[in-house]
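K.L.:
Below is the structure I would like to discuss, written out as structure tokens.
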Amino acid sequence: MPLSVTKRQFFRILSLAGASLTTTALQANANEVMPMGALQTSKSNNSFSFIVGGSEKSDVGEWASQFSSVFTSSLQDNAPVPLRYTSGYDGITGANLFDTRIVPDGNTALLTSGNPFIASMSGDKRVHYDCERWIPILSSLSPSITIARQPFHNSIPDLLKNRSMKVAVSSIIGKELPTLLGIELLKITTIPVEGLTDFSTAVQALKKGDVDVIQLSTPEAFAALPSLLKDGLHTFFSLDNTTTFGPKFSDLYSQLPHYKTGNTLFEAWNALALASRMNVSIMLPMLTPSALVAKWRLNTSKLLKNEQIVDLAKKNNVIFQENAACIDTIGKMCPQLITTMALQRWLNAKFTKWSNN
């Protein structure tokens with residue numbers, strides 16, 4: 001049995017059992033910019049707190065304020081559940097802080113999006129955490145689609161042999177990575193156009209022809225979709241295998257002549273697509289005692305029954321997952337080592353080509 005599989009199984013067994021072992025905390029990289037000093041969590045099991053993978057104004061930060069309020073009510077505590085916001089839009093600083101600077105007693109949970117999972121799969125040098133060492137308590141998924149100036153059809157790869165599609169991205173290894181990789185898997189060469197983090201700016205660039213493709217992931221973007229389609233734009237493919245928003249990427253990929261069922265890059269795409277669609281999740285350290293894991297899950301179940309949270313989830317097209325469904329989703333976002341290595345080799349090769357454009 002490969003070493004990577006053994007490692008995954010070992011950490012998964014420990015995390016699901018909530019084993020209360022002791023270990024030496026990982027040391028934070030000296031160059032990592034942390035928003036605060038080392039954190040100490042309360043010794044009381046009722047003194048829950050969250051490290052938030054983003055600022056107060058980020059998407060995760062907005063969910064955090066709602067969660068704090070509802071958790072306070074569930075715990076019958078007068079004081080709000082503390083929220084410790086971190087810098088950066090992609091949650092990597094928060095994930096590093098969670099994995100390297102807190103006492104892993106299970107009183108502090110990480111609130112994060114799927115961005116740290118994408119960074120980890122991509123081999124981002126800023127990553128000093130291990131997603132496989134986290135115990136998933138809650139996950140969430142929302143639809144995400146790629147729209148373009150032209151619809152996809154089987155002749156597109158042949159028509160575009162001598163040109164590239166310009167793809168709007170926040171960064172090359174940001175949440176738009178499944179769109180970049182997906183288009184490449186459809187045998188179309190891409191050129192990432194970085195820095196387009198704002199939806200309205202990306203749409204303007206698409207309409208002007210500065211880019212050919214953008215990925216829609218936010219509630220604001222989906223609310224604008226009908227008008228975008230009326231303006232002559234098209235759905236290129238969907239990242240969601242159960243969506244009604246245009247053709248599914250997996251269907252388009254499987255119809256092409258070069259389709260291979262065992263393609264590790266296709267497996268990487270599936271993991272990236274899930275991570276890109278995850279809005280917010282709750283994670284605990286691997287060493288959290290099982291009784292405390294059970295308490296977090298109990299209060300999270302109460303959280304999902306709260307009317308305010310239910311209404312907000314419907315408004316944002318978010319589907320929450322807990323228990324077995326949550327564990328399955330997070331597990332798929334931590335693919336085999338051979339898959340992440342294939343993705344990182346592909347990225348290294350593409351970085352060289354993209355830097356020459």
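Chain identifiers are assigned as A, B, and so on, following the order in which chains appear in the structure tokens; residues are numbered from 1 within each chain, and ligands are numbered from 1 in order of appearance.
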Report as JSON lines the residues of segment 107-178 of chain A within 10 Å of segment 339-343 of chain A, each with its shortest atom pair and distance in Å (one decimal), using only C-alpha atoms, ordered by chain and increasing residue number.
P.N.:
{"residue": "A:Ser120", "atom": "CA", "partner": "A:Thr340", "partner_atom": "CA", "distance": 8.7}
{"residue": "A:Met121", "atom": "CA", "partner": "A:Thr340", "partner_atom": "CA", "distance": 5.4}
{"residue": "A:Ser122", "atom": "CA", "partner": "A:Leu343", "partner_atom": "CA", "distance": 6.7}
{"residue": "A:Gly123", "atom": "CA", "partner": "A:Thr340", "partner_atom": "CA", "distance": 8.1}
K.L.:
Set out as a tab-separated table a contact list for segment 252-287 of chain A and segment 54-73 of chain A with a cut-off of 9 Å, giving each residue of segment 252-287 of chain A that qualifies its closest atom pair and distance in Å to one decimal, counting only C-alpha atoms, ordered by chain and rising residue number.
P.N.:
residue	atom	partner	partner_atom	distance
A:Asn279	CA	A:Val60	CA	7.1
A:Val280	CA	A:Val60	CA	6.0
A:Ser281	CA	A:Val60	CA	8.8
K.L.:
Those same residues - N, CA, C and O atoms - I'd like them written as a PDB file, in the first residue's frame.
P.N.:
ATOM      1  N   ASN A 279     -18.646  27.637   0.622  1.00  0.00           N
ATOM      2  CA  ASN A 279     -18.720  28.997   1.148  1.00  0.00           C
ATOM      3  C   ASN A 279     -18.097  29.118   2.528  1.00  0.00           C
ATOM      4  O   ASN A 279     -17.293  30.011   2.793  1.00  0.00           O
ATOM      5  N   VAL A 280     -18.531  28.244   3.422  1.00  0.00           N
ATOM      6  CA  VAL A 280     -18.071  28.317   4.805  1.00  0.00           C
ATOM      7  C   VAL A 280     -18.091  26.916   5.401  1.00  0.00           C
ATOM      8  O   VAL A 280     -18.923  26.082   5.029  1.00  0.00           O
ATOM      9  N   SER A 281     -17.151  26.650   6.290  1.00  0.00           N
ATOM     10  CA  SER A 281     -17.095  25.362   6.966  1.00  0.00           C
ATOM     11  C   SER A 281     -16.583  25.573   8.380  1.00  0.00           C
ATOM     12  O   SER A 281     -15.981  26.602   8.692  1.00  0.00           O
TER      13      SER A 281
END
K.L.:
Please provide the set of residues having any atom within 8 Å of Lys332 of chain A, restricted to only C-alpha atoms, with same-chain residues fewer than 4 positions apart removed, written as a PyMOL selection string.
P.N.:
chain A and resi 271+274+328
K.L.:
Quick one: of A:Thr146, A:Ser290, A:Ser250, A:Thr93, who's nearest to Trp269 of chain A, counting only C-alpha atoms?
P.N.:
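The shortest atom-to-atom distance to Trp269 of chain A comes from A:Ser250.
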K.L.:
Just want the 9 Å neighbourhood of Glu194 of chain A, counted on only C-alpha atoms, with same-chain residues fewer than 6 positions away dropped. Output as a PyMOL selection string.
P.N.:
chain A and resi 167-172
K.L.:
Go ahead and dump the residues you just picked, N, CA, C and O atoms, as a PDB file, in the first residue's frame.
P.N.:
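So the final result, stored in selection06.pdb, reads:
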ATOM      1  N   VAL A 167      -8.958  34.071 -19.375  1.00  0.00           N
ATOM      2  CA  VAL A 167      -9.812  33.723 -18.242  1.00  0.00           C
ATOM      3  C   VAL A 167      -9.583  34.699 -17.094  1.00  0.00           C
ATOM      4  O   VAL A 167      -8.448  34.888 -16.647  1.00  0.00           O
ATOM      5  N   ALA A 168     -10.648  35.327 -16.615  1.00  0.00           N
ATOM      6  CA  ALA A 168     -10.542  36.256 -15.483  1.00  0.00           C
ATOM      7  C   ALA A 168     -10.359  35.473 -14.194  1.00  0.00           C
ATOM      8  O   ALA A 168     -11.148  34.583 -13.876  1.00  0.00           O
ATOM      9  N   VAL A 169      -9.305  35.796 -13.449  1.00  0.00           N
ATOM     10  CA  VAL A 169      -9.038  35.119 -12.174  1.00  0.00           C
ATOM     11  C   VAL A 169      -8.597  36.129 -11.126  1.00  0.00           C
ATOM     12  O   VAL A 169      -8.013  37.162 -11.455  1.00  0.00           O
ATOM     13  N   SER A 170      -8.901  35.820  -9.860  1.00  0.00           N
ATOM     14  CA  SER A 170      -8.379  36.648  -8.770  1.00  0.00           C
ATOM     15  C   SER A 170      -6.880  36.409  -8.640  1.00  0.00           C
ATOM     16  O   SER A 170      -6.097  37.333  -8.461  1.00  0.00           O
ATOM     17  N   SER A 171      -6.487  35.155  -8.728  1.00  0.00           N
ATOM     18  CA  SER A 171      -5.090  34.743  -8.829  1.00  0.00           C
ATOM     19  C   SER A 171      -5.079  33.379  -9.516  1.00  0.00           C
ATOM     20  O   SER A 171      -6.120  32.718  -9.593  1.00  0.00           O
ATOM     21  N   ILE A 172      -3.920  32.958 -10.000  1.00  0.00           N
ATOM     22  CA  ILE A 172      -3.861  31.709 -10.768  1.00  0.00           C
ATOM     23  C   ILE A 172      -4.295  30.518  -9.927  1.00  0.00           C
ATOM     24  O   ILE A 172      -4.939  29.597 -10.431  1.00  0.00           O
TER      25      ILE A 172
END
K.L.:
Quick one: pick out all helix (DSSP H, G or I) residues within segment 160-251 of chain A from a backbone DSSP run and write them as number ranges by chain.
P.N.:
A: 177-185, 199-208, 219-230, 249-251
K.L.:
Can you tell me which residues surround segment 50-52 of chain A at a distance of at most 9 Å, considering only C-alpha atoms, apart from same-chain residues fewer than 6 positions away, and format the answer as a ChimeraX atom specification?
P.N.:
/A:60-61,64,68,81-86,91,94-95,97-98,107-112,282
K.L.:
With distances taken over only C-alpha atoms, which of A:Asn306, A:Thr288, A:Asn348, A:Ser355 is nearest to Ile135 of chain A?
P.N.:
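Of the candidates, the smallest distance to Ile135 of chain A is held by A:Thr288.
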K.L.:
Step one, run DSSP on the backbone; step two, keep only residues of segment 281-353 of chain A assigned to strand (DSSP E or B); then write them as a PyMOL selection string.
P.N.:
chain A and resi 281-285+319-322
K.L.:
Can you pull out the residues contacting segment 139-143 of chain A? Cut-off 9 Å, using only C-alpha atoms, and skip same-chain residues under 4 positions away; I want them as a ChimeraX atom specification.
P.N.:
/A:113,216-218,222,238-240,242-243,245,274-283,316-322,325-327,329-330
K.L.:
Kindly export the residues of the current selection with N, CA, C and O atoms, as a compact mmCIF listing (two decimals), in the first residue's frame.
P.N.:
# COMPACT_ATOMS: atom_id res chain seq x y z
N SER A 113 -13.47 29.14 4.17
CA SER A 113 -14.06 28.79 2.87
C SER A 113 -13.25 27.64 2.28
O SER A 113 -12.43 27.03 2.96
N LEU A 216 -18.72 32.58 -12.10
CA LEU A 216 -19.71 33.16 -11.20
C LEU A 216 -19.86 32.28 -9.98
O LEU A 216 -20.18 31.09 -10.10
N SER A 217 -19.63 32.85 -8.80
CA SER A 217 -19.72 32.06 -7.57
C SER A 217 -20.50 32.75 -6.47
O SER A 217 -20.96 32.08 -5.54
N THR A 218 -20.65 34.06 -6.52
CA THR A 218 -21.27 34.80 -5.43
C THR A 218 -22.76 34.99 -5.66
O THR A 218 -23.25 34.90 -6.79
N PHE A 222 -24.96 35.44 -9.28
CA PHE A 222 -26.09 34.63 -9.72
C PHE A 222 -27.36 35.45 -9.88
O PHE A 222 -28.19 35.16 -10.74
N SER A 238 -20.90 24.23 -16.00
CA SER A 238 -21.17 24.33 -14.57
C SER A 238 -20.17 23.49 -13.79
O SER A 238 -19.76 22.42 -14.24
N LEU A 239 -19.80 23.99 -12.62
CA LEU A 239 -18.91 23.23 -11.74
C LEU A 239 -19.69 22.27 -10.85
O LEU A 239 -19.10 21.46 -10.14
N ASP A 240 -21.01 22.36 -10.91
CA ASP A 240 -21.89 21.56 -10.05
C ASP A 240 -22.52 20.45 -10.87
O ASP A 240 -23.17 20.70 -11.88
N THR A 242 -25.01 18.67 -10.17
CA THR A 242 -26.46 18.55 -10.00
C THR A 242 -27.19 19.84 -10.37
O THR A 242 -28.37 19.97 -10.10
N THR A 243 -26.51 20.76 -11.00
CA THR A 243 -27.09 22.07 -11.27
C THR A 243 -27.97 22.08 -12.51
O THR A 243 -27.91 21.19 -13.36
N PHE A 245 -27.92 25.07 -14.12
CA PHE A 245 -27.33 26.23 -14.77
C PHE A 245 -26.39 25.78 -15.89
O PHE A 245 -25.18 25.75 -15.73
N LEU A 274 -15.21 21.27 -5.98
CA LEU A 274 -15.88 21.21 -4.68
C LEU A 274 -15.37 22.32 -3.77
O LEU A 274 -16.16 23.02 -3.12
N ALA A 275 -14.07 22.48 -3.71
CA ALA A 275 -13.48 23.50 -2.83
C ALA A 275 -13.90 24.90 -3.27
O ALA A 275 -14.16 25.77 -2.43
N SER A 276 -13.99 25.12 -4.56
CA SER A 276 -14.39 26.43 -5.08
C SER A 276 -15.83 26.76 -4.71
O SER A 276 -16.18 27.92 -4.54
N ARG A 277 -16.65 25.72 -4.57
CA ARG A 277 -18.06 25.92 -4.27
C ARG A 277 -18.36 26.00 -2.78
O ARG A 277 -19.49 26.26 -2.40
N MET A 278 -17.37 25.74 -1.94
CA MET A 278 -17.61 25.75 -0.49
C MET A 278 -17.54 27.16 0.05
O MET A 278 -16.50 27.81 -0.01
N ASN A 279 -18.65 27.64 0.62
CA ASN A 279 -18.72 29.00 1.15
C ASN A 279 -18.10 29.12 2.53
O ASN A 279 -17.29 30.01 2.79
N VAL A 280 -18.53 28.24 3.42
CA VAL A 280 -18.07 28.32 4.80
C VAL A 280 -18.09 26.92 5.40
O VAL A 280 -18.92 26.08 5.03
N SER A 281 -17.15 26.65 6.29
CA SER A 281 -17.10 25.36 6.97
C SER A 281 -16.58 25.57 8.38
O SER A 281 -15.98 26.60 8.69
N ILE A 282 -16.83 24.59 9.24
CA ILE A 282 -16.32 24.61 10.61
C ILE A 282 -15.39 23.41 10.78
O ILE A 282 -15.78 22.28 10.49
N MET A 283 -14.16 23.67 11.21
CA MET A 283 -13.16 22.64 11.40
C MET A 283 -12.61 22.68 12.82
O MET A 283 -12.44 23.75 13.40
N ASN A 316 -28.64 32.92 -0.33
CA ASN A 316 -27.33 32.80 -0.96
C ASN A 316 -27.13 31.49 -1.72
O ASN A 316 -26.00 31.17 -2.11
N ASN A 317 -28.21 30.72 -1.90
CA ASN A 317 -28.14 29.44 -2.62
C ASN A 317 -27.14 28.48 -1.98
O ASN A 317 -26.41 27.75 -2.67
N VAL A 318 -27.11 28.47 -0.66
CA VAL A 318 -26.17 27.64 0.09
C VAL A 318 -26.87 26.42 0.65
O VAL A 318 -27.95 26.53 1.23
N ILE A 319 -26.26 25.26 0.48
CA ILE A 319 -26.75 24.01 1.08
C ILE A 319 -25.74 23.58 2.13
O ILE A 319 -24.58 23.31 1.81
N PHE A 320 -26.18 23.51 3.38
CA PHE A 320 -25.29 23.09 4.46
C PHE A 320 -25.27 21.57 4.58
O PHE A 320 -26.25 20.89 4.30
N GLN A 321 -24.12 21.06 5.01
CA GLN A 321 -23.94 19.63 5.21
C GLN A 321 -23.31 19.39 6.58
O GLN A 321 -22.44 20.14 7.01
N GLU A 322 -23.75 18.33 7.24
CA GLU A 322 -23.15 17.94 8.50
C GLU A 322 -23.00 16.42 8.54
O GLU A 322 -23.44 15.72 7.63
N ALA A 325 -22.40 13.48 5.37
CA ALA A 325 -22.29 14.25 4.13
C ALA A 325 -21.13 15.24 4.20
O ALA A 325 -20.39 15.42 3.23
N CYS A 326 -20.97 15.88 5.34
CA CYS A 326 -19.88 16.84 5.53
C CYS A 326 -18.52 16.13 5.45
O CYS A 326 -17.61 16.59 4.76
N ILE A 327 -18.39 15.02 6.14
CA ILE A 327 -17.13 14.27 6.15
C ILE A 327 -16.78 13.80 4.74
O ILE A 327 -15.62 13.86 4.31
N THR A 329 -17.71 15.21 1.82
CA THR A 329 -17.32 16.35 1.00
C THR A 329 -15.90 16.80 1.30
O THR A 329 -15.09 17.00 0.39
N ILE A 330 -15.57 16.95 2.58
CA ILE A 330 -14.23 17.38 2.95
C ILE A 330 -13.20 16.34 2.54
O ILE A 330 -12.09 16.67 2.11
